[in-house]
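Report on the following structure.
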Amino acid sequence: MATESRIEISSPYFEDLSIGQVFTDAPAVTLTAGHAAIHTAVFGERLRLPLDAELSRAVTGRDKALVSPNLVCNVAIGQTTFASGRVLGNLFYRGLVLEKPVFIGDTLRTTTTIAALRQNRPKPGRAASGMAVFKMHVENQRGETVLDFWRCPMLPCRDPKADTGHGDAFDAIADELDMARVIAAVPSEWKLDLVRESLPGKHFADIESGSAYRVMGRDTVTSAPEITRMTLNVAATHTDATASAYGKRLVYGGHTISIALAQISRAFPNLVTVIAWRSCDHTSPVFEGDILATEFTVEATHELPGGGGLIDLRALVYADRGPSAPEPGEHVAVLDWRLLALMA
């Protein structure tokens, strides 16, 4: 009897990656009003420009509404996930700068380059795994750089007893953002004075360095697989519980980050957009049904020559888990996110 042969379509193991390897397999994505509507429905983000097309047009001078910065990041990350489809967990992001604003109708293309590989130290009873540093470059339909940043997923080895010899230092990842690059990413043509003049509430001049906030309204994590699919994220752990190290679907890290921004936007409804991430660390996994709460501090303020300024925020997100969760507990620290946001 003839044996039917099948070609297996699957993401690489840690051993399959090599320094300098480039992935360009993900489809380009044109961001539509549909993407924006789903993003708002799931996260409830209250940034004004993505929600108010008339205000966005007046401030930016563009006919289309601004796209939420976190929707941009989620799609860009999703486009890189064939290389990390077997991910056990994404550990951190570094050096993210939104160098060009994205508007409804813009198209994103992402290139992923393997920048460093480091196998984890072996532990009794634990299969071999390693950390891979991805350098990600995102362009729009005009070939302009939109995003440029690093992320670090942890991947399993094919051989549970593998010794790959990979022990790269992560020196390529800058410890700090270049503030000149961040300030250059602030669109100089935007009319921030219209935001100050037309919207009540706190603006940049009212924000005090050192002030701390606790957002009392919490959010339950829902629709995690749907956001994963919408952003072209093919990491199996987010859609298939049997592929998760926890026996339960792991929520995509950008989902947690987007809930954090939505909660920050309740405290600062006049926040214009996010310009950069200094760092972002996933300190514990998040699962569907977790209830998330955000506390954040204004670590510094940076006045801009044309008015308004950037605020350095550090957001800490905590999860309350039910008794059926793989890691039950109350007020579990799950995210440590340092971002730079633009205010008028």
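Lettering and numbering for the structure tokens are positional, with chains as A, B, ... in the shown order, residues counted from 1 in each chain, and ligands counted from 1 in the shown order.
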Show me, as JSON lines, the residues of region 103-128 of chain A having an atom within 10 Å of region 13-17 of chain A, each with the closest atom pair and its distance in Å, using only C-alpha atoms.
```
{"residue": "A:Ile114", "atom": "CA", "partner": "A:Leu17", "partner_atom": "CA", "distance": 7.4}
{"residue": "A:Ala116", "atom": "CA", "partner": "A:Leu17", "partner_atom": "CA", "distance": 9.6}
{"residue": "A:Leu117", "atom": "CA", "partner": "A:Leu17", "partner_atom": "CA", "distance": 8.1}
{"residue": "A:Arg118", "atom": "CA", "partner": "A:Phe14", "partner_atom": "CA", "distance": 9.4}
{"residue": "A:Gln119", "atom": "CA", "partner": "A:Phe14", "partner_atom": "CA", "distance": 8.4}
{"residue": "A:Ala128", "atom": "CA", "partner": "A:Phe14", "partner_atom": "CA", "distance": 9.3}
```
Please build the interface table for region 123-200 of chain A against region 21-42 of chain A with a cut-off of 12 Å, listing for each qualifying residue the nearest atom pair and the distance in Å to one decimal; count only C-alpha atoms, order rows by chain and increasing number, and write it as CSV.
```
residue,atom,partner,partner_atom,distance
A:Ala132,CA,A:Gln21,CA,11.4
A:Val133,CA,A:Gln21,CA,11.4
A:Phe134,CA,A:Val22,CA,9.6
A:Lys135,CA,A:Val22,CA,9.5
A:Met136,CA,A:Phe23,CA,9.7
A:His137,CA,A:Thr24,CA,10.3
A:Val138,CA,A:Ala28,CA,10.1
A:Glu139,CA,A:Ala28,CA,9.7
A:Asn140,CA,A:Ala28,CA,9.2
A:Gln141,CA,A:Thr30,CA,9.0
```
Please identify the strand (DSSP E) residues within region 252-340 of chain A (assignment by DSSP from backbone atoms) and present them as a compact mmCIF listing (two decimals) with C-alpha atoms, in the first residue's frame.
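In the end it all went to part.txt:
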```txt
# COMPACT_ATOMS: atom_id res chain seq x y z
CA LEU A 271 -2.67 61.61 26.21
CA VAL A 272 -2.04 62.09 22.48
CA THR A 273 -0.12 58.92 21.60
CA VAL A 274 2.74 56.66 22.68
CA ILE A 275 6.08 57.47 21.06
CA ALA A 276 8.46 54.86 22.54
CA TRP A 277 8.96 51.99 24.97
CA ARG A 278 12.08 52.11 27.11
CA SER A 279 11.48 48.53 28.18
CA CYS A 280 8.70 46.02 28.65
CA ASP A 281 9.08 42.88 30.76
CA HIS A 282 6.53 40.09 31.19
CA ILE A 291 -8.53 40.35 36.12
CA LEU A 292 -5.89 43.01 35.46
CA ALA A 293 -5.20 46.23 37.34
CA THR A 294 -2.63 48.93 36.52
CA GLU A 295 -0.61 51.23 38.74
CA PHE A 296 1.72 53.76 37.16
CA THR A 297 4.16 56.51 38.05
CA VAL A 298 5.34 59.59 36.15
CA GLU A 299 9.11 59.12 36.34
CA ALA A 300 10.09 62.25 34.36
CA THR A 301 8.75 64.92 32.03
CA HIS A 302 10.46 66.32 28.91
CA GLU A 303 9.24 69.64 27.52
CA GLY A 309 6.05 67.32 25.97
CA LEU A 310 6.85 63.70 26.63
CA ILE A 311 6.11 61.95 29.89
CA ASP A 312 8.10 58.98 31.13
CA LEU A 313 5.69 56.45 32.63
CA ARG A 314 6.36 53.20 34.44
CA ALA A 315 3.30 50.96 34.52
CA LEU A 316 3.01 47.89 36.73
CA VAL A 317 0.19 45.47 35.96
CA TYR A 318 -1.17 42.92 38.42
CA ALA A 319 -3.46 39.95 37.86
CA ASP A 320 -6.00 38.35 40.14
CA VAL A 332 0.37 38.64 40.85
CA ALA A 333 2.80 41.02 39.12
CA VAL A 334 2.56 40.27 35.37
CA LEU A 335 3.97 43.32 33.53
CA ASP A 336 6.59 46.04 34.04
CA TRP A 337 6.31 48.56 31.19
CA ARG A 338 8.26 51.82 30.79
CA LEU A 339 6.90 54.05 28.03
CA LEU A 340 7.21 57.58 26.70
```
**Item:** Residues within 8 Å of Gly89 (chain A), only C-alpha atoms, excluding chain neighbours under 3 positions, as a PyMOL selection string
**Value:** chain A and resi 153-155+285
Keeping N, CA and C atoms, export the residues of the selection given above as a PDB file, in the first residue's frame.
```pdb
ATOM      1  N   PRO A 153      11.807  36.085  22.645  1.00  0.00           N
ATOM      2  CA  PRO A 153      11.011  34.919  23.015  1.00  0.00           C
ATOM      3  C   PRO A 153      11.893  33.786  23.542  1.00  0.00           C
ATOM      4  N   MET A 154      11.299  32.946  24.378  1.00  0.00           N
ATOM      5  CA  MET A 154      11.970  31.726  24.820  1.00  0.00           C
ATOM      6  C   MET A 154      11.365  30.562  24.040  1.00  0.00           C
ATOM      7  N   LEU A 155      12.239  29.744  23.425  1.00  0.00           N
ATOM      8  CA  LEU A 155      11.806  28.683  22.521  1.00  0.00           C
ATOM      9  C   LEU A 155      12.314  27.325  23.001  1.00  0.00           C
ATOM     10  N   PRO A 285       3.096  34.912  33.534  1.00  0.00           N
ATOM     11  CA  PRO A 285       2.136  34.699  32.447  1.00  0.00           C
ATOM     12  C   PRO A 285       0.761  35.244  32.787  1.00  0.00           C
TER      13      PRO A 285
END
```
**Message:** From the options A:Pro156, A:Ile77, A:Arg321, A:Phe268, which residue's atoms come nearest to Pro12 (chain A), counting only C-alpha atoms?
**Reply:**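 Closest to Pro12 (chain A) of all the choices is A:Pro156.
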**Message:** Quick one: residues within 8 Å of Gln79 (chain A), only C-alpha atoms, excluding same-chain residues fewer than 6 positions away - as number ranges by chain?
**Reply:** A: 26-27, 109-110, 231-233
Selected residues written out with C-alpha atoms, as a compact mmCIF listing (two decimals), in the first residue's frame:
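Writing the result to again_27.txt gives the following:
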```txt
# COMPACT_ATOMS: atom_id res chain seq x y z
CA ALA A 26 4.40 37.36 6.99
CA PRO A 27 1.81 39.01 4.74
CA ARG A 109 5.54 45.11 6.38
CA THR A 110 7.85 43.52 8.93
CA THR A 231 -2.84 40.33 14.36
CA LEU A 232 -1.58 37.26 12.40
CA ASN A 233 0.08 35.89 15.53
```
**Nearest residue to Leu194 (chain A) from the set A:Thr113, A:Ser56, A:Thr220, A:Ser10 (distances using only C-alpha atoms)** =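 Counting only C-alpha atoms, the residue closest to Leu194 (chain A) is A:Ser56.
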**Message:** If I take CA of Arg218 (chain A) and CA of Arg94 (chain A), how far is one from the other in Å, to one decimal?
**Reply:**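 So the answer is 26.5 Å.
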**Item:** Atomic separation - CA of Asp106 (chain A) relative to CA of Leu177 (chain A), Å
**Value:**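 These atoms are spaced 26.2 Å apart.
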**Message:** I'd like the interatomic distance between CA of Arg214 (chain A) and CA of Ala267 (chain A), to a tenth of an Å.
**Reply:**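 Computing it gives 8.6 Å between the two atoms.
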